[in-house]
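J.: Contents of my_file_14.csv (CSV, C-alpha atoms and all ligand atoms):
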```csv
chain,number,residue,atom,x,y,z
N,919,MET,CA,0.0,0.0,0.0
N,920,ARG,CA,1.5,3.3,-1.1
N,921,ILE,CA,0.6,6.3,1.0
N,922,GLU,CA,-0.1,8.8,-1.8
N,923,ALA,CA,-1.2,11.8,0.3
N,924,ALA,CA,-2.2,12.9,3.7
N,925,GLU,CA,-4.4,15.6,5.2
N,926,LEU,CA,-4.1,16.6,8.8
N,927,ARG,CA,-6.6,18.8,10.6
N,928,ILE,CA,-7.2,20.3,14.0
N,929,LEU,CA,-10.9,20.4,14.9
N,930,GLU,CA,-12.7,21.8,17.9
N,931,LEU,CA,-15.8,20.0,19.1
N,932,PRO,CA,-17.9,21.2,22.1
N,933,LEU,CA,-18.8,18.6,24.7
N,934,LYS,CA,-22.5,18.4,25.8
N,935,PHE,CA,-21.4,18.2,29.4
N,936,ARG,CA,-18.7,19.6,31.7
N,937,PHE,CA,-16.2,16.8,32.4
N,938,GLU,CA,-14.4,17.2,35.6
N,939,THR,CA,-11.5,14.9,36.6
N,940,SER,CA,-8.8,15.1,39.3
N,941,PHE,CA,-6.6,16.9,36.6
N,942,GLY,CA,-9.0,19.5,35.3
N,943,VAL,CA,-12.2,20.4,33.5
N,944,GLN,CA,-13.0,19.7,29.9
N,945,THR,CA,-15.8,21.4,28.0
N,946,LYS,CA,-14.6,20.7,24.4
N,947,ARG,CA,-12.2,18.6,22.6
N,948,THR,CA,-9.4,19.7,20.3
N,949,ILE,CA,-9.0,16.9,17.9
N,950,LEU,CA,-6.1,16.0,15.6
N,951,LEU,CA,-7.7,14.2,12.6
N,952,LEU,CA,-5.6,12.5,9.9
N,953,ARG,CA,-6.7,11.3,6.5
N,954,LEU,CA,-4.4,9.0,4.6
N,955,PHE,CA,-5.0,8.4,0.9
N,956,GLY,CA,-3.8,5.5,-1.3
N,957,GLU,CA,-5.2,3.2,-4.0
N,958,GLY,CA,-8.3,5.4,-4.2
N,959,LEU,CA,-9.0,4.6,-0.5
N,960,GLU,CA,-9.0,6.8,2.6
N,961,GLY,CA,-7.8,5.8,6.1
N,962,LEU,CA,-8.8,7.8,9.2
N,963,GLY,CA,-7.0,8.4,12.5
N,964,GLU,CA,-7.9,10.5,15.5
N,965,GLY,CA,-5.6,11.7,18.2
N,966,VAL,CA,-6.4,11.7,21.9
N,967,MET,CA,-3.7,14.1,23.1
N,968,GLU,CA,-5.1,17.4,24.5
N,969,ARG,CA,-3.9,21.0,24.2
N,970,LEU,CA,-2.4,20.8,27.7
N,971,PRO,CA,-0.3,17.9,29.0
N,972,LEU,CA,-2.6,17.1,32.0
N,973,TYR,CA,-3.4,13.4,31.4
N,974,ARG,CA,0.0,12.4,29.8
N,975,GLU,CA,2.8,14.6,28.5
N,976,GLU,CA,1.8,14.7,24.8
N,977,THR,CA,0.0,17.7,23.3
N,978,VAL,CA,-1.9,18.6,20.2
N,979,ALA,CA,0.8,21.0,19.1
N,980,GLY,CA,3.6,18.6,19.8
N,981,ALA,CA,1.8,15.8,17.8
N,982,ARG,CA,1.0,18.1,15.0
N,983,TYR,CA,4.7,19.1,14.7
N,984,LEU,CA,5.9,15.5,14.8
N,985,LEU,CA,3.3,14.3,12.2
N,986,GLU,CA,4.0,17.3,9.9
N,987,GLU,CA,7.7,17.5,10.1
N,988,VAL,CA,8.9,14.0,11.0
N,989,PHE,CA,6.4,11.1,10.7
N,990,LEU,CA,4.5,11.9,7.6
N,991,PRO,CA,7.6,12.8,5.6
N,992,ARG,CA,9.0,9.4,6.5
N,993,VAL,CA,6.1,7.5,5.1
N,994,LEU,CA,4.6,9.7,2.3
N,995,GLY,CA,5.2,8.1,-1.1
N,996,GLN,CA,6.4,4.9,0.5
N,997,ASP,CA,5.1,1.6,-0.4
N,998,LEU,CA,4.4,-0.1,3.0
N,999,PRO,CA,3.2,-3.7,2.8
N,1000,ASN,CA,1.5,-3.7,6.2
N,1001,PRO,CA,1.1,-1.8,9.5
N,1002,GLU,CA,4.2,-3.5,11.0
N,1003,ALA,CA,6.3,-1.9,8.2
N,1004,LEU,CA,4.8,1.5,9.1
N,1005,ALA,CA,5.6,0.9,12.8
N,1006,GLN,CA,9.2,0.0,11.7
N,1007,ALA,CA,9.5,3.3,9.8
N,1008,LEU,CA,8.6,5.2,13.0
N,1009,SER,CA,10.6,3.1,15.4
N,1010,PRO,CA,13.8,5.2,15.4
N,1011,PHE,CA,11.8,8.0,17.1
N,1012,ARG,CA,11.4,7.6,20.8
N,1013,GLY,CA,8.3,7.9,22.8
N,1014,ASN,CA,5.3,10.0,21.6
N,1015,PRO,CA,3.0,7.0,21.3
N,1016,MET,CA,-0.1,9.2,20.9
N,1017,ALA,CA,1.3,11.0,18.0
N,1018,LYS,CA,2.5,7.7,16.4
N,1019,ALA,CA,-0.9,6.2,17.0
N,1020,VAL,CA,-2.7,8.8,14.9
N,1021,LEU,CA,-0.7,7.6,11.9
N,1022,GLU,CA,-0.6,3.9,12.7
N,1023,MET,CA,-4.3,3.7,13.2
N,1024,ALA,CA,-5.1,5.6,10.1
N,1025,PHE,CA,-2.9,3.2,8.2
N,1026,TYR,CA,-4.6,0.2,9.8
N,1027,ASP,CA,-7.9,1.5,8.5
N,1028,LEU,CA,-6.4,2.0,5.0
N,1029,PHE,CA,-4.8,-1.4,5.1
N,1030,ALA,CA,-8.1,-3.1,6.1
N,1031,LYS,CA,-10.0,-1.2,3.4
N,1032,ALA,CA,-7.4,-2.4,0.8
N,1033,LEU,CA,-8.1,-6.0,2.0
N,1034,GLY,CA,-11.9,-5.2,1.7
N,1035,ARG,CA,-12.3,-6.4,5.3
N,1036,PRO,CA,-13.6,-4.8,8.5
N,1037,LEU,CA,-10.9,-3.8,10.9
N,1038,TRP,CA,-12.2,-6.1,13.7
N,1039,GLN,CA,-11.6,-9.1,11.5
N,1040,VAL,CA,-8.1,-8.0,10.6
N,1041,LEU,CA,-7.2,-7.4,14.2
N,1042,GLY,CA,-8.6,-10.9,15.3
N,1043,GLY,CA,-11.9,-9.9,16.9
N,1044,VAL,CA,-14.4,-12.4,17.9
N,1045,ARG,CA,-17.7,-10.4,18.4
N,1046,ARG,CA,-19.8,-7.9,16.7
N,1047,GLU,CA,-20.8,-5.8,19.7
N,1048,VAL,CA,-19.1,-4.4,22.7
N,1049,GLU,CA,-20.3,-4.1,26.3
N,1050,VAL,CA,-20.3,-0.5,27.4
N,1051,GLY,CA,-19.9,1.3,30.7
N,1052,VAL,CA,-19.9,5.0,31.4
N,1053,SER,CA,-17.2,7.3,32.9
N,1054,LEU,CA,-18.9,10.1,35.0
N,1055,GLY,CA,-17.0,13.2,35.9
N,1056,ILE,CA,-16.9,14.8,39.3
N,1057,GLN,CA,-20.3,16.4,40.0
N,1058,PRO,CA,-21.1,19.5,42.0
N,1059,SER,CA,-22.8,17.5,44.8
N,1060,LEU,CA,-23.7,14.0,46.1
N,1061,GLU,CA,-27.3,14.5,45.0
N,1062,ALA,CA,-26.2,15.4,41.5
N,1063,THR,CA,-24.0,12.3,41.4
N,1064,LEU,CA,-26.8,10.0,42.5
N,1065,LYS,CA,-29.0,11.5,39.8
N,1066,VAL,CA,-26.5,11.1,37.0
N,1067,VAL,CA,-25.7,7.5,38.1
N,1068,GLU,CA,-29.3,6.6,38.1
N,1069,LYS,CA,-29.9,8.1,34.7
N,1070,HIS,CA,-27.0,6.1,33.1
N,1071,LEU,CA,-28.0,2.9,34.8
N,1072,GLN,CA,-31.5,3.4,33.4
N,1073,GLU,CA,-29.9,3.9,29.9
N,1074,GLY,CA,-28.4,0.4,30.3
N,1075,TYR,CA,-24.7,1.2,30.9
N,1076,ARG,CA,-23.2,-2.0,32.4
N,1077,ARG,CA,-20.6,-0.3,34.6
N,1078,ILE,CA,-20.5,3.0,36.4
N,1079,LYS,CA,-17.1,4.6,36.7
N,1080,LEU,CA,-16.8,7.7,39.0
N,1081,LYS,CA,-13.9,10.1,38.8
N,1082,ILE,CA,-12.4,10.7,42.2
N,1083,LYS,CA,-9.8,12.9,43.8
N,1084,PRO,CA,-8.6,13.5,47.4
N,1085,GLY,CA,-11.6,14.9,49.3
N,1086,TRP,CA,-14.1,13.5,46.7
N,1087,ASP,CA,-13.7,9.8,47.1
N,1088,TYR,CA,-14.9,7.6,50.0
N,1089,GLU,CA,-18.2,9.5,50.7
N,1090,VAL,CA,-19.4,9.8,47.2
N,1091,LEU,CA,-18.5,6.1,46.4
N,1092,LYS,CA,-20.2,5.0,49.6
N,1093,ALA,CA,-23.4,6.9,48.8
N,1094,VAL,CA,-23.5,5.5,45.3
N,1095,ARG,CA,-22.8,2.0,46.6
N,1096,GLU,CA,-25.6,2.3,49.1
N,1097,ALA,CA,-28.1,3.7,46.6
N,1098,PHE,CA,-27.2,1.1,43.9
N,1099,PRO,CA,-26.0,-2.1,45.7
N,1100,GLU,CA,-26.1,-4.2,42.6
N,1101,ALA,CA,-24.3,-1.8,40.2
N,1102,THR,CA,-20.8,-2.6,38.8
N,1103,LEU,CA,-18.9,0.3,40.2
N,1104,THR,CA,-15.4,1.5,39.7
N,1105,ALA,CA,-13.4,4.7,40.5
N,1106,ASP,CA,-10.7,6.5,38.4
N,1107,ALA,CA,-8.3,8.8,40.2
N,1108,ASN,CA,-6.2,9.8,37.2
N,1109,SER,CA,-3.0,9.8,39.3
N,1110,ALA,CA,-4.3,12.1,42.1
N,1111,TYR,CA,-2.8,10.1,45.0
N,1112,ARG,CA,0.5,9.1,46.4
N,1113,LEU,CA,1.6,6.2,48.6
N,1114,ALA,CA,1.4,8.5,51.6
N,1115,ASP,CA,-2.4,8.6,51.0
N,1116,PHE,CA,-2.6,4.9,51.8
N,1117,ALA,CA,-5.1,5.3,54.7
N,1118,ARG,CA,-7.5,7.2,52.4
N,1119,LEU,CA,-7.2,4.6,49.7
N,1120,LYS,CA,-7.6,1.7,52.1
N,1121,ARG,CA,-11.0,3.1,53.0
N,1122,LEU,CA,-12.2,2.3,49.4
N,1123,ASP,CA,-11.5,-1.4,50.0
N,1124,GLY,CA,-14.8,-2.8,51.1
N,1125,LEU,CA,-17.0,-0.7,48.8
N,1126,GLY,CA,-17.1,-3.6,46.3
N,1127,LEU,CA,-15.4,-1.7,43.6
N,1128,ASP,CA,-14.7,-3.8,40.5
N,1129,TYR,CA,-11.3,-2.0,40.3
N,1130,LEU,CA,-9.6,1.2,41.3
N,1131,GLU,CA,-8.1,2.9,38.2
N,1132,GLN,CA,-4.7,4.6,38.2
N,1133,PRO,CA,-4.6,5.9,41.8
N,1134,LEU,CA,-0.8,6.8,41.7
N,1135,GLY,CA,1.7,8.5,39.5
N,1136,TYR,CA,1.2,8.6,35.7
N,1137,GLU,CA,4.5,7.0,35.1
N,1138,ASP,CA,4.5,4.7,38.1
N,1139,LEU,CA,4.6,1.0,38.2
N,1140,LEU,CA,6.5,0.3,41.5
N,1141,ASP,CA,4.3,2.1,44.0
N,1142,HIS,CA,1.2,0.7,42.3
N,1143,ALA,CA,2.7,-2.8,43.0
N,1144,LYS,CA,3.3,-1.8,46.7
N,1145,LEU,CA,-0.3,-0.5,46.9
N,1146,GLN,CA,-1.8,-3.5,45.2
N,1147,ARG,CA,-0.2,-5.8,47.8
N,1148,GLU,CA,-2.1,-3.9,50.5
N,1149,LEU,CA,-5.5,-3.6,48.8
N,1150,SER,CA,-8.0,-6.4,48.0
N,1151,THR,CA,-9.6,-4.2,45.3
N,1152,PRO,CA,-7.9,-4.8,42.0
N,1153,ILE,CA,-5.9,-1.9,40.7
N,1154,CYS,CA,-6.4,-1.0,37.0
N,1155,LEU,CA,-3.6,0.8,35.2
N,1156,ASP,CA,-4.4,3.5,32.6
N,1157,GLU,CA,-1.9,6.4,32.4
N,1158,SER,CA,1.2,4.2,33.2
N,1159,LEU,CA,0.6,1.8,30.3
N,1160,THR,CA,2.1,3.5,27.2
N,1161,SER,CA,3.7,0.4,25.6
N,1162,ALA,CA,3.8,-3.4,25.7
N,1163,GLU,CA,7.2,-3.1,27.4
N,1164,LYS,CA,5.5,-1.2,30.3
N,1165,ALA,CA,2.7,-3.8,30.4
N,1166,ARG,CA,5.3,-6.6,30.7
N,1167,LYS,CA,6.9,-4.8,33.6
N,1168,ALA,CA,3.6,-4.1,35.2
N,1169,ILE,CA,2.8,-7.8,35.0
N,1170,GLU,CA,6.1,-8.8,36.5
N,1171,LEU,CA,5.9,-6.3,39.3
N,1172,GLY,CA,2.2,-6.9,40.1
N,1173,SER,CA,1.3,-3.3,39.6
N,1174,GLY,CA,-2.3,-4.0,38.8
N,1175,ARG,CA,-4.7,-6.9,38.1
N,1176,VAL,CA,-6.7,-5.2,35.3
N,1177,PHE,CA,-5.5,-3.1,32.3
N,1178,ASN,CA,-7.3,-0.3,30.6
N,1179,VAL,CA,-6.3,-0.4,26.9
N,1180,LYS,CA,-6.5,2.7,24.8
N,1181,PRO,CA,-4.9,2.1,21.4
N,1182,ALA,CA,-4.2,5.8,20.9
N,1183,ARG,CA,-2.3,5.9,24.2
N,1184,LEU,CA,-0.3,2.8,23.4
N,1185,GLY,CA,1.0,3.8,20.0
N,1186,GLY,CA,-1.7,2.1,18.0
N,1187,HIS,CA,-3.3,-1.2,17.2
N,1188,GLY,CA,-0.1,-3.2,16.8
N,1189,GLU,CA,1.2,-2.3,20.2
N,1190,SER,CA,-2.3,-3.0,21.6
N,1191,LEU,CA,-2.3,-6.5,20.1
N,1192,ARG,CA,1.0,-7.1,21.9
N,1193,VAL,CA,-0.5,-5.9,25.2
N,1194,HIS,CA,-3.5,-8.1,24.6
N,1195,ALA,CA,-1.3,-11.2,24.1
N,1196,LEU,CA,0.7,-10.5,27.3
N,1197,ALA,CA,-2.5,-9.9,29.3
N,1198,GLN,CA,-4.0,-13.1,28.0
N,1199,SER,CA,-1.1,-15.2,29.1
N,1200,ALA,CA,-1.0,-13.5,32.5
N,1201,GLY,CA,-4.7,-13.8,33.0
N,1202,ILE,CA,-5.2,-10.0,33.2
N,1203,PRO,CA,-8.7,-8.9,32.1
N,1204,LEU,CA,-8.8,-5.9,29.7
N,1205,TRP,CA,-11.3,-3.3,28.9
N,1206,MET,CA,-11.4,-0.6,26.3
N,1207,GLY,CA,-10.7,2.9,27.6
N,1208,GLY,CA,-11.9,6.2,26.2
N,1209,MET,CA,-10.6,9.7,25.8
N,1210,LEU,CA,-13.8,11.4,24.8
N,1211,GLU,CA,-13.2,10.4,21.2
N,1212,ALA,CA,-15.3,11.6,18.4
N,1213,GLY,CA,-16.6,9.0,15.8
N,1214,VAL,CA,-13.2,8.1,14.2
N,1215,GLY,CA,-11.5,7.3,17.5
N,1216,ARG,CA,-14.6,5.6,18.9
N,1217,ALA,CA,-14.9,3.4,15.8
N,1218,HIS,CA,-11.2,2.3,16.1
N,1219,ASN,CA,-11.8,1.5,19.8
N,1220,LEU,CA,-14.9,-0.5,19.1
N,1221,HIS,CA,-13.1,-2.7,16.5
N,1222,LEU,CA,-10.2,-3.4,18.9
N,1223,ALA,CA,-12.6,-4.1,21.8
N,1224,THR,CA,-14.0,-7.2,19.9
N,1225,LEU,CA,-10.8,-9.2,20.8
N,1226,PRO,CA,-11.4,-12.0,23.3
N,1227,GLY,CA,-9.3,-10.4,26.1
N,1228,PHE,CA,-11.7,-7.5,26.5
N,1229,THR,CA,-13.9,-9.0,29.1
N,1230,LYS,CA,-15.1,-5.9,31.0
N,1231,PRO,CA,-17.4,-3.1,29.8
N,1232,GLY,CA,-15.5,-0.3,28.0
N,1233,ASP,CA,-15.6,3.5,28.0
N,1234,VAL,CA,-17.2,3.5,24.6
N,1235,SER,CA,-20.5,5.1,25.4
N,1236,SER,CA,-23.0,6.5,22.8
N,1237,ALA,CA,-21.8,9.4,20.7
N,1238,SER,CA,-25.0,11.3,21.5
N,1239,ARG,CA,-23.9,11.5,25.1
N,1240,TYR,CA,-20.9,13.6,24.1
N,1241,TRP,CA,-21.9,15.6,21.0
N,1242,GLU,CA,-24.8,17.5,19.5
N,1243,GLU,CA,-23.3,16.4,16.2
N,1244,ASP,CA,-20.5,13.8,15.5
N,1245,ILE,CA,-17.8,14.0,12.8
N,1246,VAL,CA,-19.0,10.8,11.2
N,1247,GLU,CA,-22.2,9.8,9.3
N,1248,GLU,CA,-22.9,6.7,11.3
N,1249,ALA,CA,-24.6,6.9,14.7
N,1250,LEU,CA,-22.5,5.0,17.2
N,1251,GLU,CA,-25.2,4.3,19.8
N,1252,ALA,CA,-25.5,1.7,22.5
N,1253,LYS,CA,-28.7,-0.3,23.1
N,1254,GLU,CA,-29.2,-2.0,26.4
N,1255,GLY,CA,-25.5,-1.6,27.2
N,1256,LEU,CA,-24.3,-3.1,23.9
N,1257,MET,CA,-22.6,-1.1,21.1
N,1258,PRO,CA,-22.7,-2.6,17.7
N,1259,VAL,CA,-19.4,-2.5,15.8
N,1260,PRO,CA,-19.7,-0.4,12.6
N,1261,GLU,CA,-19.9,-2.6,9.5
N,1262,GLY,CA,-18.1,-2.4,6.2
N,1263,PRO,CA,-14.4,-2.3,5.3
N,1264,GLY,CA,-11.9,-0.7,7.7
N,1265,ILE,CA,-13.4,1.2,10.6
N,1266,GLY,CA,-16.7,1.4,8.8
N,1267,VAL,CA,-17.5,5.0,9.5
N,1268,HIS,CA,-17.4,8.0,7.0
N,1269,LEU,CA,-16.5,11.6,7.7
N,1270,LYS,CA,-19.3,14.2,7.5
N,1271,LEU,CA,-17.0,16.5,5.5
N,1272,PRO,CA,-19.1,19.7,5.5
N,1273,PHE,CA,-19.4,19.5,9.3
N,1274,VAL,CA,-15.7,18.7,9.7
N,1275,GLU,CA,-14.9,21.7,7.5
N,1276,ARG,CA,-17.0,23.9,9.8
N,1277,ILE,CA,-15.2,22.9,12.9
N,1278,THR,CA,-11.7,22.9,11.4
N,1279,LEU,CA,-9.3,25.4,13.0
N,1280,TRP,CA,-6.3,24.4,10.8
N,1281,LYS,CA,-5.5,22.0,8.1
N,1282,GLY,CA,-2.5,20.9,6.0
N,1283,TYR,CA,-2.2,18.6,2.9
N,1284,TRP,CA,0.8,16.9,1.6
N,1285,SER,CA,1.2,14.5,-1.4
N,1286,GLY,CA,4.0,12.0,-1.7
N,1287,SER,CA,5.2,12.2,-5.2
N,1301,LIG,O1,-8.8,8.4,32.5
N,1301,LIG,O2,-10.0,7.2,31.4
N,1301,LIG,C1,-9.6,8.3,31.6
N,1301,LIG,C2,-11.3,11.0,29.5
N,1301,LIG,C3,-10.2,11.8,29.2
N,1301,LIG,C4,-9.0,11.5,29.7
N,1301,LIG,C5,-8.8,10.4,30.5
N,1301,LIG,C6,-9.9,9.6,30.8
N,1301,LIG,C7,-11.1,9.9,30.3
N,1301,LIG,C8,-12.4,9.2,30.6
N,1301,LIG,C9,-13.5,9.3,29.7
N,1301,LIG,O3,-12.5,8.5,31.6
N,1301,LIG,C10,-13.9,8.1,29.0
N,1301,LIG,C11,-14.8,8.4,27.8
N,1301,LIG,O4,-16.0,8.4,28.0
N,1301,LIG,O5,-14.3,8.5,26.7
N,1302,MG,MG,-8.5,6.5,33.3
```
Spit out the file's structure as structure tokens when you get a sec.
Ligand code: OSB
Ligand code: MG
T.:
Amino acid sequence: MRIEAAELRILELPLKFRFETSFGVQTKRTILLLRLFGEGLEGLGEGVMERLPLYREETVAGARYLLEEVFLPRVLGQDLPNPEALAQALSPFRGNPMAKAVLEMAFYDLFAKALGRPLWQVLGGVRREVEVGVSLGIQPSLEATLKVVEKHLQEGYRRIKLKIKPGWDYEVLKAVREAFPEATLTADANSAYRLADFARLKRLDGLGLDYLEQPLGYEDLLDHAKLQRELSTPICLDESLTSAEKARKAIELGSGRVFNVKPARLGGHGESLRVHALAQSAGIPLWMGGMLEAGVGRAHNLHLATLPGFTKPGDVSSASRYWEEDIVEEALEAKEGLMPVPEGPGIGVHLKLPFVERITLWKGYWSGS
């Protein structure tokens, strides 16, 4: 597959809700969108980095620079037989998995389309729909939290994840647990605690959480292992897992018993497949994470989440929860807690170009000949 041309855009899409986490408040997304062209086909990729390095260190501006000046020039005009060859072309460059993932995932889409097969089949998926949970931001009050939890349980979401931070943790989780004793409940701290907060974290044991997501440092594996030895609640790693190499070390250290997989955090589908294989042999359950993706990123996530190791509900809720209007034609909507995987070759979704044009802040186009 020769990559003949590429178009990179920065979009701005307002969220329907205010999303508060331990690291800040989001009211819109700034989206890096890549279109790769070859053999009359188009492959799509969506970045998950934000304007500010609050979740991980990568940013929209940094990724745009790397794609424009470094990664795209490496692959434009090249005839790359498969996604592994593309990953090989990017391998001299260290780190920056989110920036690499935009290109790798767009190429996977293009590759699957050239084969005339849906991406889930190319990746080795085994199902056509994905169980979905919901990630709920920090609310202004306990009452507001109980209301929003009830609403999403009624909508059929199969797992409720509450964002927590020091001072907004035990009380809110306990109130939700008491109001909804049967709910599958988890908490995500986004690295807001340290080992010194052990007493506070230990209180969460006994609330019947399915897991506690990324309580400690965003690069940490060692302290998570220490904490996991003292908690009966499984720890789930998110921020700390940026490669299969990190996953291998997390398994060896015992840093967590559950992994959140976000292909766009891990460098793409290829690296995610390696994490999947490691987790399978270590008996670690996976679930598909989310980064408030629009339709392109969400479709990629759905395809990958059809692999057998994804045994817990993912953060791939309905597009209509997030946006008045999505960037793709297809409505990615869950019914009774299940989200169908888009059909057709590749990721199976198509850009709504006039809408994309309207929300474009910047774009660049390069051809490879
Ligand atoms: O930690 O999983 C996270 C959103 C942005 C950044 C980090 C995270 C999240 C979410 C939202 O939890 C999941 C979603 O609905 O896409
Ligand atoms: Mg998380």
J.: Which residues sit within 8 Å of ligand MG 1302 (chain N), counting only C-alpha atoms and all ligand atoms, listed as JSON, numbers by chain?
T.: {"N": [1106, 1107, 1108, 1131, 1132, 1155, 1156, 1157, 1178, 1207, 1208]}
J.: Could you tell me how far atom CA of N:Pro1258 sits from atom CA of N:Arg1046, in Å to one decimal place?
T.: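 Pair atom CA of N:Arg1046 / atom CA of N:Pro1258 returns 6.1 Å.
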J.: Find the residues of stretch 978-1046 of chain N that sit at most 7 Å from stretch 1221-1224 of chain N; for each, write down the nearest two atoms and how far apart they are in Å, to one decimal. Count only C-alpha atoms. Sort by chain, then by number going up, and give it as JSON lines.
T.:
```
{"residue": "N:Leu1037", "atom": "CA", "partner": "N:His1221", "partner_atom": "CA", "distance": 6.1}
{"residue": "N:Trp1038", "atom": "CA", "partner": "N:His1221", "partner_atom": "CA", "distance": 4.5}
{"residue": "N:Leu1041", "atom": "CA", "partner": "N:Leu1222", "partner_atom": "CA", "distance": 6.9}
{"residue": "N:Gly1043", "atom": "CA", "partner": "N:Thr1224", "partner_atom": "CA", "distance": 4.5}
{"residue": "N:Val1044", "atom": "CA", "partner": "N:Thr1224", "partner_atom": "CA", "distance": 5.6}
{"residue": "N:Arg1045", "atom": "CA", "partner": "N:Thr1224", "partner_atom": "CA", "distance": 5.1}
{"residue": "N:Arg1046", "atom": "CA", "partner": "N:Thr1224", "partner_atom": "CA", "distance": 6.7}
```
J.: Please measure the separation of atom CA of N:Val1050 and atom CA of N:Met1206, giving the value in Å to one decimal.
T.: 9.0 Å
J.: Which is closest to ligand LIG 1301 (chain N) among N:Arg1147, N:Lys1079, N:Arg1012, N:Lys1065, if we use only C-alpha atoms and all ligand atoms?
T.: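 Checking each of N:Arg1147, N:Lys1079, N:Arg1012, N:Lys1065 against ligand LIG 1301 (chain N), counting only C-alpha atoms and all ligand atoms, the winner is N:Lys1079.
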J.: For a test of reading the model, state the distance in Å between atom CA of N:Ala1162 and atom CA of N:Glu968, rounded to one decimal.
T.: 22.7 Å
J.: Restricting the calculation to all atoms listed in the file: of N:Thr948, N:Thr1102, N:Ser1236, N:Thr1063, which residue gets closest to N:Gly1255?
T.: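 Among N:Thr948, N:Thr1102, N:Ser1236, N:Thr1063, it is N:Ser1236 that comes nearest to N:Gly1255.
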J.: Would you give me, as CSV, each residue of chain N having an atom within 10 Å of an atom of ligand LIG 1301 (chain N), along with its shortest atom pair and that distance in Å to one decimal, using all atoms listed in the file and sorting by chain and residue number?
T.:
```
residue,atom,partner,partner_atom,distance
N:Phe937,CA,N:LIG1301,C2,8.1
N:Glu938,CA,N:LIG1301,C2,9.2
N:Thr939,CA,N:LIG1301,C6,8.0
N:Ser940,CA,N:LIG1301,O1,9.5
N:Phe941,CA,N:LIG1301,C4,9.1
N:Gly942,CA,N:LIG1301,C4,9.8
N:Val943,CA,N:LIG1301,C3,9.8
N:Gln944,CA,N:LIG1301,C3,8.4
N:Arg947,CA,N:LIG1301,C3,9.7
N:Val966,CA,N:LIG1301,C4,8.2
N:Met967,CA,N:LIG1301,C4,8.9
N:Glu968,CA,N:LIG1301,C4,8.8
N:Leu972,CA,N:LIG1301,C4,8.8
N:Tyr973,CA,N:LIG1301,C4,6.2
N:Arg974,CA,N:LIG1301,C4,9.0
N:Val1050,CA,N:LIG1301,O4,9.9
N:Gly1051,CA,N:LIG1301,O4,8.5
N:Val1052,CA,N:LIG1301,O4,6.2
N:Ser1053,CA,N:LIG1301,O3,5.0
N:Leu1054,CA,N:LIG1301,O3,7.4
N:Gly1055,CA,N:LIG1301,O3,7.8
N:Lys1079,CA,N:LIG1301,O3,7.9
N:Leu1080,CA,N:LIG1301,O3,8.6
N:Lys1081,CA,N:LIG1301,O3,7.5
N:Ala1105,CA,N:LIG1301,O3,9.7
N:Asp1106,CA,N:LIG1301,O1,6.5
N:Ala1107,CA,N:LIG1301,O1,7.7
N:Asn1108,CA,N:LIG1301,O1,5.6
N:Ser1109,CA,N:LIG1301,O1,9.0
N:Glu1131,CA,N:LIG1301,O1,8.0
N:Gln1132,CA,N:LIG1301,O1,8.0
N:Leu1155,CA,N:LIG1301,O1,9.6
N:Asp1156,CA,N:LIG1301,O1,6.6
N:Glu1157,CA,N:LIG1301,O1,7.2
N:Asn1178,CA,N:LIG1301,O2,8.0
N:Val1179,CA,N:LIG1301,O2,9.6
N:Lys1180,CA,N:LIG1301,O2,8.7
N:Met1206,CA,N:LIG1301,O2,9.4
N:Gly1207,CA,N:LIG1301,O2,5.8
N:Gly1208,CA,N:LIG1301,O5,3.4
N:Met1209,CA,N:LIG1301,C2,4.0
N:Leu1210,CA,N:LIG1301,O5,3.5
N:Glu1211,CA,N:LIG1301,O5,5.9
N:Ala1212,CA,N:LIG1301,O5,8.9
N:Gly1215,CA,N:LIG1301,O5,9.7
N:Arg1216,CA,N:LIG1301,O5,8.3
N:Gly1232,CA,N:LIG1301,C10,8.6
N:Asp1233,CA,N:LIG1301,O4,4.9
N:Val1234,CA,N:LIG1301,O4,6.1
N:Ser1235,CA,N:LIG1301,O4,6.2
N:Ser1236,CA,N:LIG1301,O4,8.9
N:Ala1237,CA,N:LIG1301,O4,9.4
N:Arg1239,CA,N:LIG1301,O4,9.0
N:Tyr1240,CA,N:LIG1301,O4,8.1
```
J.: Env of stretch 997-1003 of chain N: 8 Å cut, atoms = only C-alpha atoms, seq-sep filter 4 positions within chain, self excluded. Answer as a list in words.
T.: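 Listed by chain and then number, they are Met919, Arg920, Ile921, Ala1007, Glu1022, Phe1025, Tyr1026, Phe1029 and Gly1188 of chain N.
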J.: Using all atoms listed in the file, list the residues that have an atom at most 6 Å from (-10.3, -2.6, 39.4), coordinates as in the file, as a list in words.
T.: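 Those residues lying close to the given coordinates are Asp1128, Tyr1129, Leu1130, Pro1152, Ile1153 and Cys1154 of chain N.
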J.: I'd like to know which of N:Leu926, N:Leu1171, N:Ala1030, N:Val1267 is closest to N:Leu990, using all atoms listed in the file.
T.: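 Looking at the shortest contact to N:Leu990, the residue is N:Leu926.
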J.: Using only C-alpha atoms, can you tell me which of N:Ala924, N:Leu1225, N:Leu1127, N:Ala1182 comes closest to N:His1194?
T.: N:Leu1225
J.: Residues at most 8 Å from N:Glu1254, counting all atoms listed in the file, excluding those fewer than 6 positions away in the same chain, as a PyMOL selection string?
T.: chain N and resi 1073-1075
J.: Step by step: start from the point (-21.4, 12.2, 9.2) in the file's coordinates, keep every protein, DNA or RNA residue that has an atom no farther than 6 Å from it, count only C-alpha atoms, and write the set as an MDAnalysis selection string.
T.: chainID N and resid 1245:1247 1269:1270
